[in-house]
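Asker: Input file: final_24.pdb. Contents: PDB, C-alpha atoms.
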ATOM      1  CA  MET E  46    -134.690 -52.939 199.479
ATOM      2  CA  ASN E  47    -134.292 -49.231 199.150
ATOM      3  CA  VAL E  48    -136.995 -48.633 196.594
ATOM      4  CA  GLN E  49    -136.405 -44.902 196.682
ATOM      5  CA  GLY E  50    -132.805 -45.447 195.626
ATOM      6  CA  THR E  51    -133.827 -47.879 192.915
ATOM      7  CA  VAL E  52    -136.443 -45.540 191.554
ATOM      8  CA  GLY E  53    -133.999 -42.642 191.425
ATOM      9  CA  ALA E  54    -132.103 -44.509 188.713
ATOM     10  CA  ASP E  55    -135.108 -46.124 187.087
ATOM     11  CA  THR E  56    -134.478 -46.133 183.365
ATOM     12  CA  TRP E  57    -135.181 -48.558 180.561
ATOM     13  CA  THR E  58    -133.084 -49.464 177.576
ATOM     14  CA  VAL E  59    -134.090 -50.517 174.088
ATOM     15  CA  ALA E  60    -131.468 -51.414 171.491
ATOM     16  CA  ARG E  61    -128.733 -49.758 173.621
ATOM     17  CA  ARG E  62    -130.653 -46.464 173.905
ATOM     18  CA  THR E  63    -131.600 -45.526 177.454
ATOM     19  CA  PHE E  64    -134.696 -43.517 178.356
ATOM     20  CA  THR E  65    -136.155 -42.164 181.585
ATOM     21  CA  SER E  66    -139.738 -41.667 180.440
ATOM     22  CA  ARG E  67    -141.722 -44.872 179.975
ATOM     23  CA  LEU E  68    -144.460 -43.162 178.026
ATOM     24  CA  ILE E  69    -144.311 -43.089 174.228
ATOM     25  CA  VAL E  70    -146.885 -40.898 172.507
ATOM     26  CA  GLY E  71    -148.218 -40.618 168.988
ATOM     27  CA  THR E  72    -148.451 -37.499 166.892
ATOM     28  CA  GLY E  73    -151.802 -37.893 165.143
ATOM     29  CA  LYS E  74    -155.417 -36.786 165.505
ATOM     30  CA  TYR E  75    -154.512 -33.462 167.151
ATOM     31  CA  LYS E  76    -156.320 -30.249 166.247
ATOM     32  CA  SER E  77    -153.028 -28.550 165.441
ATOM     33  CA  LEU E  78    -149.297 -29.157 165.491
ATOM     34  CA  GLN E  79    -149.082 -26.626 168.346
ATOM     35  CA  GLU E  80    -151.469 -28.652 170.501
ATOM     36  CA  ASN E  81    -149.589 -31.806 169.571
ATOM     37  CA  ALA E  82    -146.283 -30.277 170.683
ATOM     38  CA  ALA E  83    -147.823 -29.028 173.948
ATOM     39  CA  ALA E  84    -149.201 -32.502 174.708
ATOM     40  CA  VAL E  85    -145.830 -34.149 174.010
ATOM     41  CA  GLU E  86    -144.192 -31.632 176.347
ATOM     42  CA  ALA E  87    -146.755 -32.275 179.109
ATOM     43  CA  SER E  88    -146.434 -36.057 178.725
ATOM     44  CA  GLY E  89    -142.698 -35.929 179.334
ATOM     45  CA  ALA E  90    -142.298 -38.456 176.504
ATOM     46  CA  GLU E  91    -138.806 -38.890 175.066
ATOM     47  CA  ILE E  92    -140.041 -40.901 172.072
ATOM     48  CA  VAL E  93    -142.827 -40.037 169.633
ATOM     49  CA  THR E  94    -144.153 -42.223 166.827
ATOM     50  CA  VAL E  95    -144.308 -40.660 163.393
ATOM     51  CA  ALA E  96    -145.602 -41.765 160.006
ATOM     52  CA  VAL E  97    -143.905 -41.594 156.624
ATOM     53  CA  ARG E  98    -146.107 -40.005 153.978
ATOM     54  CA  ARG E  99    -145.766 -38.458 150.521
ATOM     55  CA  VAL E 100    -144.876 -34.767 150.500
ATOM     56  CA  ASN E 101    -147.731 -32.581 149.279
ATOM     57  CA  ILE E 102    -146.514 -31.415 145.880
ATOM     58  CA  SER E 103    -149.379 -28.947 145.506
ATOM     59  CA  ASN E 104    -148.479 -27.259 148.825
ATOM     60  CA  PRO E 105    -144.741 -27.368 149.553
ATOM     61  CA  ASP E 106    -145.094 -24.781 152.326
ATOM     62  CA  GLU E 107    -147.292 -26.961 154.537
ATOM     63  CA  PRO E 108    -146.070 -26.840 158.148
ATOM     64  CA  MET E 109    -143.746 -29.707 159.062
ATOM     65  CA  LEU E 110    -143.955 -31.784 162.221
ATOM     66  CA  THR E 111    -140.215 -31.254 162.679
ATOM     67  CA  ASP E 112    -140.849 -27.494 163.029
ATOM     68  CA  PHE E 113    -142.891 -28.170 166.180
ATOM     69  CA  ILE E 114    -141.322 -31.263 167.711
ATOM     70  CA  ASP E 115    -137.542 -31.124 167.514
ATOM     71  CA  PRO E 116    -136.085 -34.488 166.435
ATOM     72  CA  LYS E 117    -132.865 -33.557 168.241
ATOM     73  CA  LYS E 118    -134.706 -33.415 171.590
ATOM     74  CA  VAL E 119    -137.317 -36.132 171.085
ATOM     75  CA  THR E 120    -136.563 -39.479 169.438
ATOM     76  CA  TYR E 121    -138.663 -39.964 166.314
ATOM     77  CA  LEU E 122    -139.848 -43.550 166.043
ATOM     78  CA  PRO E 123    -141.058 -44.157 162.481
ATOM     79  CA  ASN E 124    -144.101 -46.391 162.443
ATOM     80  CA  THR E 125    -145.669 -48.430 159.655
ATOM     81  CA  ALA E 126    -149.272 -47.714 160.677
ATOM     82  CA  GLY E 127    -151.508 -48.242 157.683
ATOM     83  CA  CYS E 128    -149.405 -51.015 156.141
ATOM     84  CA  PHE E 129    -151.279 -54.244 155.487
ATOM     85  CA  THR E 130    -148.438 -56.338 154.012
ATOM     86  CA  ALA E 131    -144.876 -57.092 155.059
ATOM     87  CA  ASP E 132    -143.604 -55.659 151.760
ATOM     88  CA  ASP E 133    -145.366 -52.310 152.277
ATOM     89  CA  ALA E 134    -144.050 -52.068 155.832
ATOM     90  CA  ILE E 135    -140.474 -52.891 154.769
ATOM     91  CA  ARG E 136    -140.598 -50.374 151.924
ATOM     92  CA  THR E 137    -141.926 -47.697 154.283
ATOM     93  CA  LEU E 138    -139.203 -48.299 156.840
ATOM     94  CA  ARG E 139    -136.431 -48.243 154.250
ATOM     95  CA  LEU E 140    -137.616 -44.739 153.356
ATOM     96  CA  ALA E 141    -137.985 -43.827 157.037
ATOM     97  CA  ARG E 142    -134.391 -44.861 157.683
ATOM     98  CA  GLU E 143    -133.268 -42.558 154.881
ATOM     99  CA  ALA E 144    -135.453 -39.686 156.102
ATOM    100  CA  GLY E 145    -134.340 -40.002 159.718
ATOM    101  CA  GLY E 146    -130.956 -41.647 159.516
ATOM    102  CA  TRP E 147    -131.523 -44.237 162.272
ATOM    103  CA  ASN E 148    -132.385 -47.924 162.533
ATOM    104  CA  LEU E 149    -134.762 -47.909 165.515
ATOM    105  CA  VAL E 150    -138.247 -48.290 164.028
ATOM    106  CA  LYS E 151    -141.700 -49.480 164.948
ATOM    107  CA  LEU E 152    -143.184 -52.229 162.849
ATOM    108  CA  GLU E 153    -146.856 -52.885 162.571
ATOM    109  CA  VAL E 154    -148.497 -54.928 159.850
ATOM    110  CA  LEU E 155    -152.248 -54.816 160.070
ATOM    111  CA  GLY E 156    -154.545 -57.660 159.128
ATOM    112  CA  GLU E 157    -157.817 -55.871 158.425
ATOM    113  CA  ALA E 158    -159.315 -52.400 158.651
ATOM    114  CA  LYS E 159    -162.182 -53.225 161.001
ATOM    115  CA  THR E 160    -160.177 -54.414 164.022
ATOM    116  CA  LEU E 161    -156.698 -53.192 162.983
ATOM    117  CA  TYR E 162    -155.503 -56.444 164.502
ATOM    118  CA  PRO E 163    -151.927 -57.306 163.508
ATOM    119  CA  ASP E 164    -151.333 -59.938 160.840
ATOM    120  CA  MET E 165    -148.791 -62.009 162.747
ATOM    121  CA  ARG E 166    -147.630 -64.088 159.776
ATOM    122  CA  GLU E 167    -146.710 -60.948 157.829
ATOM    123  CA  THR E 168    -145.381 -59.251 160.982
ATOM    124  CA  LEU E 169    -142.971 -62.096 161.672
ATOM    125  CA  ARG E 170    -141.826 -62.187 158.049
ATOM    126  CA  ALA E 171    -141.237 -58.422 158.021
ATOM    127  CA  THR E 172    -139.319 -58.635 161.315
ATOM    128  CA  GLU E 173    -136.951 -61.240 159.852
ATOM    129  CA  VAL E 174    -136.262 -59.176 156.719
ATOM    130  CA  LEU E 175    -135.780 -55.923 158.653
ATOM    131  CA  VAL E 176    -133.367 -57.488 161.132
ATOM    132  CA  LYS E 177    -131.313 -58.891 158.227
ATOM    133  CA  GLU E 178    -131.129 -55.358 156.799
ATOM    134  CA  GLY E 179    -129.807 -53.943 160.061
ATOM    135  CA  PHE E 180    -133.010 -52.441 161.435
ATOM    136  CA  GLU E 181    -133.903 -52.571 165.126
ATOM    137  CA  PRO E 182    -137.662 -53.114 165.057
ATOM    138  CA  MET E 183    -139.983 -52.617 168.010
ATOM    139  CA  VAL E 184    -142.909 -54.796 167.005
ATOM    140  CA  TYR E 185    -146.656 -54.358 167.472
ATOM    141  CA  CYS E 186    -148.298 -57.729 168.067
ATOM    142  CA  VAL E 187    -151.204 -59.670 169.485
ATOM    143  CA  ASP E 188    -151.188 -60.315 173.236
ATOM    144  CA  ASP E 189    -149.978 -63.871 172.687
ATOM    145  CA  PRO E 190    -146.934 -65.069 174.683
ATOM    146  CA  ILE E 191    -145.925 -67.559 171.966
ATOM    147  CA  ALA E 192    -146.075 -64.994 169.172
ATOM    148  CA  ALA E 193    -144.128 -62.585 171.395
ATOM    149  CA  LYS E 194    -141.380 -65.170 171.886
ATOM    150  CA  GLN E 195    -141.196 -65.864 168.146
ATOM    151  CA  LEU E 196    -140.760 -62.147 167.450
ATOM    152  CA  GLU E 197    -138.018 -61.909 170.042
ATOM    153  CA  GLU E 198    -136.230 -64.892 168.476
ATOM    154  CA  ALA E 199    -136.524 -63.185 165.079
ATOM    155  CA  GLY E 200    -134.682 -60.164 166.471
ATOM    156  CA  ALA E 201    -137.401 -57.752 167.650
ATOM    157  CA  VAL E 202    -135.773 -55.265 170.053
ATOM    158  CA  ALA E 203    -139.060 -54.683 171.892
ATOM    159  CA  ILE E 204    -142.394 -56.497 172.062
ATOM    160  CA  MET E 205    -145.463 -54.281 171.840
ATOM    161  CA  PRO E 206    -148.662 -56.205 172.474
ATOM    162  CA  LEU E 207    -152.031 -54.539 172.098
ATOM    163  CA  GLY E 208    -154.096 -53.988 175.244
ATOM    164  CA  ALA E 209    -157.235 -53.604 173.108
ATOM    165  CA  PRO E 210    -157.876 -52.636 169.471
ATOM    166  CA  ILE E 211    -156.079 -49.508 168.219
ATOM    167  CA  GLY E 212    -158.001 -46.330 168.979
ATOM    168  CA  SER E 213    -160.675 -48.170 171.003
ATOM    169  CA  GLY E 214    -159.753 -46.860 174.450
ATOM    170  CA  LEU E 215    -161.162 -50.052 175.978
ATOM    171  CA  GLY E 216    -158.251 -50.609 178.366
ATOM    172  CA  ILE E 217    -156.260 -53.799 178.886
ATOM    173  CA  GLN E 218    -158.562 -56.684 178.008
ATOM    174  CA  ASN E 219    -156.321 -59.572 179.000
ATOM    175  CA  ARG E 220    -154.077 -58.910 181.947
ATOM    176  CA  VAL E 221    -153.043 -62.565 182.116
ATOM    177  CA  THR E 222    -151.473 -62.660 178.652
ATOM    178  CA  ILE E 223    -149.746 -59.294 179.110
ATOM    179  CA  ARG E 224    -148.221 -60.563 182.355
ATOM    180  CA  LEU E 225    -147.148 -63.833 180.687
ATOM    181  CA  ILE E 226    -145.468 -61.878 177.885
ATOM    182  CA  VAL E 227    -143.632 -59.708 180.427
ATOM    183  CA  GLU E 228    -142.477 -62.752 182.397
ATOM    184  CA  GLY E 229    -141.169 -64.542 179.304
ATOM    185  CA  ALA E 230    -139.475 -61.657 177.524
ATOM    186  CA  ASN E 231    -135.787 -60.765 177.496
ATOM    187  CA  VAL E 232    -136.462 -57.509 175.656
ATOM    188  CA  PRO E 233    -138.636 -54.568 176.759
ATOM    189  CA  VAL E 234    -142.403 -55.062 176.638
ATOM    190  CA  LEU E 235    -144.632 -52.046 176.008
ATOM    191  CA  VAL E 236    -148.402 -52.061 175.814
ATOM    192  CA  ASP E 237    -149.261 -50.514 172.475
ATOM    193  CA  ALA E 238    -152.876 -49.579 171.752
ATOM    194  CA  GLY E 239    -156.074 -49.788 173.729
ATOM    195  CA  VAL E 240    -155.311 -47.425 176.606
ATOM    196  CA  GLY E 241    -158.279 -45.106 177.219
ATOM    197  CA  THR E 242    -157.545 -43.332 180.459
ATOM    198  CA  ALA E 243    -154.931 -42.978 183.189
ATOM    199  CA  SER E 244    -155.881 -46.107 185.155
ATOM    200  CA  ASP E 245    -155.333 -48.249 182.026
ATOM    201  CA  ALA E 246    -151.789 -46.935 181.727
ATOM    202  CA  ALA E 247    -151.133 -47.517 185.429
ATOM    203  CA  GLN E 248    -152.452 -51.062 185.080
ATOM    204  CA  ALA E 249    -150.050 -51.827 182.224
ATOM    205  CA  MET E 250    -147.146 -50.629 184.338
ATOM    206  CA  GLU E 251    -148.349 -52.569 187.427
ATOM    207  CA  LEU E 252    -148.222 -55.718 185.288
ATOM    208  CA  GLY E 253    -144.499 -55.094 184.842
ATOM    209  CA  CYS E 254    -144.445 -53.588 181.383
ATOM    210  CA  ASP E 255    -141.430 -51.440 180.563
ATOM    211  CA  GLY E 256    -143.598 -48.750 179.009
ATOM    212  CA  VAL E 257    -146.825 -47.759 177.315
ATOM    213  CA  LEU E 258    -147.489 -46.290 173.872
ATOM    214  CA  MET E 259    -150.632 -44.266 173.276
ATOM    215  CA  ASN E 260    -152.060 -41.597 171.031
ATOM    216  CA  THR E 261    -155.856 -41.444 170.889
ATOM    217  CA  ALA E 262    -156.307 -41.467 174.674
ATOM    218  CA  ILE E 263    -154.469 -38.132 174.782
ATOM    219  CA  ALA E 264    -155.383 -36.641 171.392
ATOM    220  CA  GLU E 265    -159.116 -37.282 171.737
ATOM    221  CA  ALA E 266    -159.403 -36.186 175.376
ATOM    222  CA  LYS E 267    -161.398 -32.975 175.805
ATOM    223  CA  ASP E 268    -158.214 -31.392 177.120
ATOM    224  CA  PRO E 269    -155.273 -33.274 175.561
ATOM    225  CA  VAL E 270    -152.565 -31.374 177.457
ATOM    226  CA  THR E 271    -154.118 -32.158 180.846
ATOM    227  CA  MET E 272    -154.629 -35.799 179.841
ATOM    228  CA  ALA E 273    -150.972 -35.956 178.802
ATOM    229  CA  ARG E 274    -150.032 -34.878 182.333
ATOM    230  CA  ALA E 275    -152.417 -37.499 183.755
ATOM    231  CA  MET E 276    -150.802 -40.218 181.643
ATOM    232  CA  LYS E 277    -147.318 -39.162 182.742
ATOM    233  CA  ALA E 278    -148.396 -39.425 186.389
ATOM    234  CA  ALA E 279    -150.203 -42.732 185.789
ATOM    235  CA  VAL E 280    -147.223 -44.386 184.111
ATOM    236  CA  GLU E 281    -144.946 -43.233 186.946
ATOM    237  CA  ALA E 282    -147.454 -44.351 189.617
ATOM    238  CA  GLY E 283    -147.926 -47.768 188.000
ATOM    239  CA  ARG E 284    -144.186 -48.244 187.679
ATOM    240  CA  LEU E 285    -143.602 -47.317 191.333
ATOM    241  CA  ALA E 286    -146.376 -49.662 192.452
ATOM    242  CA  TYR E 287    -144.783 -52.480 190.437
ATOM    243  CA  LEU E 288    -141.360 -51.803 191.982
ATOM    244  CA  ALA E 289    -142.830 -51.465 195.469
ATOM    245  CA  GLY E 290    -144.599 -54.833 195.187
ATOM    246  CA  ARG E 291    -148.285 -54.782 195.955
ATOM    247  CA  MET E 292    -149.882 -56.377 199.056
ATOM    248  CA  GLN E 293    -151.511 -59.775 198.784
ATOM    249  CA  LYS E 294    -155.249 -59.774 198.154
ATOM    250  CA  ARG E 295    -157.489 -61.222 200.895
ATOM    251  CA  ARG E 296    -161.010 -62.500 200.643
ATOM    252  CA  TYR E 297    -162.148 -60.666 203.788
ATOM    253  CA  ALA E 298    -161.326 -57.627 205.922
ATOM    254  CA  ASP E 299    -158.182 -57.310 208.009
ATOM    255  CA  PRO E 300    -158.137 -54.458 210.554
ATOM    256  CA  SER E 301    -155.411 -51.878 210.266
ATOM    257  CA  SER E 302    -155.411 -50.926 213.965
ATOM    258  CA  PRO E 303    -154.149 -53.424 216.565
ATOM    259  CA  LEU E 304    -156.866 -55.372 218.351
ATOM    260  CA  ALA E 305    -154.765 -55.726 221.501
ATOM    261  CA  GLY E 306    -155.416 -53.093 224.171
ATOM    262  CA  LEU E 307    -158.983 -52.360 223.111
ATOM    263  CA  ILE E 308    -160.954 -50.774 225.928
TER     264      ILE E 308
ATOM    265  CA  MET O 225    -136.741 -37.840 125.948
ATOM    266  CA  THR O 226    -138.626 -35.496 123.673
ATOM    267  CA  LEU O 227    -137.549 -32.964 121.085
ATOM    268  CA  ASP O 228    -137.740 -30.103 123.616
ATOM    269  CA  HIS O 229    -135.097 -31.792 125.821
ATOM    270  CA  THR O 230    -137.443 -32.575 128.675
ATOM    271  CA  LEU O 231    -137.965 -35.800 130.563
ATOM    272  CA  GLN O 232    -141.232 -37.364 131.577
ATOM    273  CA  VAL O 233    -141.224 -38.553 135.212
ATOM    274  CA  ARG O 234    -143.766 -39.468 137.837
ATOM    275  CA  ILE O 235    -143.571 -37.930 141.333
ATOM    276  CA  ASN O 236    -145.871 -39.313 144.020
ATOM    277  CA  GLY O 237    -148.190 -40.599 141.338
ATOM    278  CA  GLU O 238    -148.318 -37.343 139.333
ATOM    279  CA  HIS O 239    -146.779 -36.900 135.901
ATOM    280  CA  ARG O 240    -144.275 -34.076 135.458
ATOM    281  CA  ARG O 241    -142.010 -32.843 132.734
ATOM    282  CA  VAL O 242    -138.540 -31.731 133.833
ATOM    283  CA  ASN O 243    -135.433 -30.491 132.069
ATOM    284  CA  ASP O 244    -132.958 -33.042 130.860
ATOM    285  CA  GLY O 245    -129.754 -33.289 132.887
ATOM    286  CA  ILE O 246    -131.032 -32.289 136.326
ATOM    287  CA  SER O 247    -130.106 -34.223 139.442
ATOM    288  CA  ILE O 248    -132.592 -35.717 141.887
ATOM    289  CA  ALA O 249    -131.641 -33.038 144.442
ATOM    290  CA  GLU O 250    -132.509 -30.354 141.876
ATOM    291  CA  LEU O 251    -135.786 -32.111 141.128
ATOM    292  CA  VAL O 252    -136.697 -32.081 144.830
ATOM    293  CA  ARG O 253    -135.869 -28.372 145.067
ATOM    294  CA  GLU O 254    -137.821 -27.637 141.895
ATOM    295  CA  ILE O 255    -141.031 -28.946 143.465
ATOM    296  CA  GLY O 256    -140.385 -26.854 146.580
ATOM    297  CA  PHE O 257    -138.738 -29.177 149.093
ATOM    298  CA  ASP O 258    -135.402 -29.337 150.880
ATOM    299  CA  PRO O 259    -133.512 -32.522 149.908
ATOM    300  CA  ALA O 260    -132.116 -32.660 153.455
ATOM    301  CA  ARG O 261    -135.607 -33.103 154.899
ATOM    302  CA  VAL O 262    -137.128 -35.752 152.654
ATOM    303  CA  ALA O 263    -136.421 -39.319 151.587
ATOM    304  CA  VAL O 264    -136.515 -40.344 147.953
ATOM    305  CA  GLU O 265    -137.348 -43.664 146.371
ATOM    306  CA  ARG O 266    -136.647 -44.091 142.660
ATOM    307  CA  ASN O 267    -138.233 -47.019 140.826
ATOM    308  CA  LEU O 268    -138.832 -48.777 144.182
ATOM    309  CA  THR O 269    -135.242 -48.339 145.431
ATOM    310  CA  VAL O 270    -134.255 -45.830 148.110
ATOM    311  CA  VAL O 271    -131.718 -43.263 146.872
ATOM    312  CA  PRO O 272    -129.261 -42.402 149.670
ATOM    313  CA  ARG O 273    -129.476 -38.718 150.573
ATOM    314  CA  SER O 274    -125.720 -38.371 150.096
ATOM    315  CA  THR O 275    -126.042 -39.245 146.406
ATOM    316  CA  LEU O 276    -129.123 -37.149 145.504
ATOM    317  CA  ALA O 277    -127.009 -34.318 144.131
ATOM    318  CA  GLU O 278    -124.953 -36.548 141.860
ATOM    319  CA  THR O 279    -127.708 -38.834 140.555
ATOM    320  CA  ALA O 280    -129.271 -37.718 137.283
ATOM    321  CA  VAL O 281    -132.991 -37.904 136.670
ATOM    322  CA  GLU O 282    -133.800 -40.261 133.797
ATOM    323  CA  ASP O 283    -136.753 -40.377 131.446
ATOM    324  CA  GLY O 284    -139.561 -42.544 132.798
ATOM    325  CA  ASP O 285    -138.375 -42.489 136.426
ATOM    326  CA  ASP O 286    -141.017 -43.111 139.079
ATOM    327  CA  TYR O 287    -140.351 -41.221 142.323
ATOM    328  CA  GLU O 288    -141.802 -41.379 145.794
ATOM    329  CA  ILE O 289    -140.770 -38.385 147.897
ATOM    330  CA  VAL O 290    -141.749 -38.669 151.561
ATOM    331  CA  ARG O 291    -141.296 -37.011 154.934
ATOM    332  CA  PHE O 292    -142.313 -37.610 158.536
ATOM    333  CA  VAL O 293    -145.810 -36.551 159.519
ATOM    334  CA  GLY O 294    -147.981 -36.916 162.603
ATOM    335  CA  GLU O 295    -149.038 -40.471 163.221
ATOM    336  CA  ALA O 296    -152.066 -41.784 165.042
ATOM    337  CA  LYS O 297    -152.464 -44.763 167.306
TER     338      LYS O 297
END
Mind turning this structure into structure tokens?

Answerer:
Amino acid sequence: MNVQGTVGADTWTVARRTFTSRLIVGTGKYKSLQENAAAVEASGAEIVTVAVRRVNISNPDEPMLTDFIDPKKVTYLPNTAGCFTADDAIRTLRLAREAGGWNLVKLEVLGEAKTLYPDMRETLRATEVLVKEGFEPMVYCVDDPIAAKQLEEAGAVAIMPLGAPIGSGLGIQNRVTIRLIVEGANVPVLVDAGVGTASDAAQAMELGCDGVLMNTAIAEAKDPVTMARAMKAAVEAGRLAYLAGRMQKRRYADPSSPLAGLI
Amino acid sequence: MTLDHTLQVRINGEHRRVNDGISIAELVREIGFDPARVAVERNLTVVPRSTLAETAVEDGDDYEIVRFVGEAK
């Protein structure tokens, strides 16, 4: 197979929208909106997650995210981070759809503040309601192949299992379940949460994921812009390694030079 | 409605008094925002942006006015 040729046209598609970059980045925890914009630029991301929050009535002239990251150039993916019930998440996304004018959204319904683990019962219920209302939800979920399948059947346009708890930077804790989710899914699978450094992102891509979503790993790096570049390279490297097909592992050594003709 | 022809409304949890007869778009402008860049929920129902200018504010309305902000993962 001509991998080079394949890679030249390597894109992924979610809900009929096609993207080249497989890295989605968040827009929180940065020191400034300028630094945030520079990190997004360096990451090469074509999608950023954004939150919906009340306008600050006491300071209408506060700088707006849209002044720094142009929604015409980068796809804004409204997220329901911070919602702990299906009803709150649905209400938030109805407003997000009005603010942005599009149906592609990211759903997450959290179960508790300590672990920020998703509440899958509420997540599934919210997915069903949103799909009925014409939304195209990409859904944050546990790394459980059965739950992933149920979300897909409910109409999720992408499955986004956690690699580790949100903001923990612990890396992918269960490679087996992520791989099982990838193998069983007919929609894109993106690891969402838990990535701490470049090798974690590469690992997600080597497992066959369609993409990776991260925020803290970049925003809390000492140098976020350089880490954004590292993550871009890692996602591309992991993707290429997946397409190339890795060698089989052996228990012992196998010499690289021929043994025949030894003096 | 009071004798001075003002309405009592709530915006993002804060009470405000506004002139009778204004539209939601005018309300948004009055507090310093561009109606084209926010989303408005009135009494738990989203008001389509296209109708903000023609929908009148009513006494006792409860508004949530939101926008996109940076989001952390």

Asker: Which one is closest to O:Gly256: E:Val100, E:Ala278, E:Ala262, E:Leu152? Count all atoms listed in the file.

Answerer: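 Between E:Val100, E:Ala278, E:Ala262, E:Leu152, the residue approaching O:Gly256 most closely is E:Val100.
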
Asker: Taking the file above as input, evaluate the ChimeraX specification (/O :<10) & /E and report the hits as an MDAnalysis selection string.

Answerer: chainID E and resid 70:75 78 81 93:106 108:111 121:127 136:137 139:146 210:213 237:239 258:262 264

Asker: Can I get the selected residues back with C-alpha atoms, as a PDB file, in the frame of the given file?

Answerer:
ATOM      1  CA  VAL E  70    -146.885 -40.898 172.507  1.00  0.00           C
ATOM      2  CA  GLY E  71    -148.218 -40.618 168.988  1.00  0.00           C
ATOM      3  CA  THR E  72    -148.451 -37.499 166.892  1.00  0.00           C
ATOM      4  CA  GLY E  73    -151.802 -37.893 165.143  1.00  0.00           C
ATOM      5  CA  LYS E  74    -155.417 -36.786 165.505  1.00  0.00           C
ATOM      6  CA  TYR E  75    -154.512 -33.462 167.151  1.00  0.00           C
ATOM      7  CA  LEU E  78    -149.297 -29.157 165.491  1.00  0.00           C
ATOM      8  CA  ASN E  81    -149.589 -31.806 169.571  1.00  0.00           C
ATOM      9  CA  VAL E  93    -142.827 -40.037 169.633  1.00  0.00           C
ATOM     10  CA  THR E  94    -144.153 -42.223 166.827  1.00  0.00           C
ATOM     11  CA  VAL E  95    -144.308 -40.660 163.393  1.00  0.00           C
ATOM     12  CA  ALA E  96    -145.602 -41.765 160.006  1.00  0.00           C
ATOM     13  CA  VAL E  97    -143.905 -41.594 156.624  1.00  0.00           C
ATOM     14  CA  ARG E  98    -146.107 -40.005 153.978  1.00  0.00           C
ATOM     15  CA  ARG E  99    -145.766 -38.458 150.521  1.00  0.00           C
ATOM     16  CA  VAL E 100    -144.876 -34.767 150.500  1.00  0.00           C
ATOM     17  CA  ASN E 101    -147.731 -32.581 149.279  1.00  0.00           C
ATOM     18  CA  ILE E 102    -146.514 -31.415 145.880  1.00  0.00           C
ATOM     19  CA  SER E 103    -149.379 -28.947 145.506  1.00  0.00           C
ATOM     20  CA  ASN E 104    -148.479 -27.259 148.825  1.00  0.00           C
ATOM     21  CA  PRO E 105    -144.741 -27.368 149.553  1.00  0.00           C
ATOM     22  CA  ASP E 106    -145.094 -24.781 152.326  1.00  0.00           C
ATOM     23  CA  PRO E 108    -146.070 -26.840 158.148  1.00  0.00           C
ATOM     24  CA  MET E 109    -143.746 -29.707 159.062  1.00  0.00           C
ATOM     25  CA  LEU E 110    -143.955 -31.784 162.221  1.00  0.00           C
ATOM     26  CA  THR E 111    -140.215 -31.254 162.679  1.00  0.00           C
ATOM     27  CA  TYR E 121    -138.663 -39.964 166.314  1.00  0.00           C
ATOM     28  CA  LEU E 122    -139.848 -43.550 166.043  1.00  0.00           C
ATOM     29  CA  PRO E 123    -141.058 -44.157 162.481  1.00  0.00           C
ATOM     30  CA  ASN E 124    -144.101 -46.391 162.443  1.00  0.00           C
ATOM     31  CA  THR E 125    -145.669 -48.430 159.655  1.00  0.00           C
ATOM     32  CA  ALA E 126    -149.272 -47.714 160.677  1.00  0.00           C
ATOM     33  CA  GLY E 127    -151.508 -48.242 157.683  1.00  0.00           C
ATOM     34  CA  ARG E 136    -140.598 -50.374 151.924  1.00  0.00           C
ATOM     35  CA  THR E 137    -141.926 -47.697 154.283  1.00  0.00           C
ATOM     36  CA  ARG E 139    -136.431 -48.243 154.250  1.00  0.00           C
ATOM     37  CA  LEU E 140    -137.616 -44.739 153.356  1.00  0.00           C
ATOM     38  CA  ALA E 141    -137.985 -43.827 157.037  1.00  0.00           C
ATOM     39  CA  ARG E 142    -134.391 -44.861 157.683  1.00  0.00           C
ATOM     40  CA  GLU E 143    -133.268 -42.558 154.881  1.00  0.00           C
ATOM     41  CA  ALA E 144    -135.453 -39.686 156.102  1.00  0.00           C
ATOM     42  CA  GLY E 145    -134.340 -40.002 159.718  1.00  0.00           C
ATOM     43  CA  GLY E 146    -130.956 -41.647 159.516  1.00  0.00           C
ATOM     44  CA  PRO E 210    -157.876 -52.636 169.471  1.00  0.00           C
ATOM     45  CA  ILE E 211    -156.079 -49.508 168.219  1.00  0.00           C
ATOM     46  CA  GLY E 212    -158.001 -46.330 168.979  1.00  0.00           C
ATOM     47  CA  SER E 213    -160.675 -48.170 171.003  1.00  0.00           C
ATOM     48  CA  ASP E 237    -149.261 -50.514 172.475  1.00  0.00           C
ATOM     49  CA  ALA E 238    -152.876 -49.579 171.752  1.00  0.00           C
ATOM     50  CA  GLY E 239    -156.074 -49.788 173.729  1.00  0.00           C
ATOM     51  CA  LEU E 258    -147.489 -46.290 173.872  1.00  0.00           C
ATOM     52  CA  MET E 259    -150.632 -44.266 173.276  1.00  0.00           C
ATOM     53  CA  ASN E 260    -152.060 -41.597 171.031  1.00  0.00           C
ATOM     54  CA  THR E 261    -155.856 -41.444 170.889  1.00  0.00           C
ATOM     55  CA  ALA E 262    -156.307 -41.467 174.674  1.00  0.00           C
ATOM     56  CA  ALA E 264    -155.383 -36.641 171.392  1.00  0.00           C
TER      57      ALA E 264
END

Asker: Quick one, how far is atom CA of E:Met276 from atom CA of E:Ala246?

Answerer: 6.8 Å

Asker: Can you work out the spacing between atom CA of O:Gly284 and atom CA of O:Thr230 in Å, to one decimal?

Answerer: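 The value is 11.0 Å.
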
Asker: If the PyMOL selection byres ((chain E and resi 218-226) around 9) were run on this exact file, what residues would it hold? Put them as JSON, numbers by chain.

Answerer: {"E": [188, 189, 190, 191, 193, 194, 204, 206, 207, 208, 209, 215, 216, 217, 227, 228, 229, 230, 234, 236, 239, 248, 249, 252, 253, 254]}
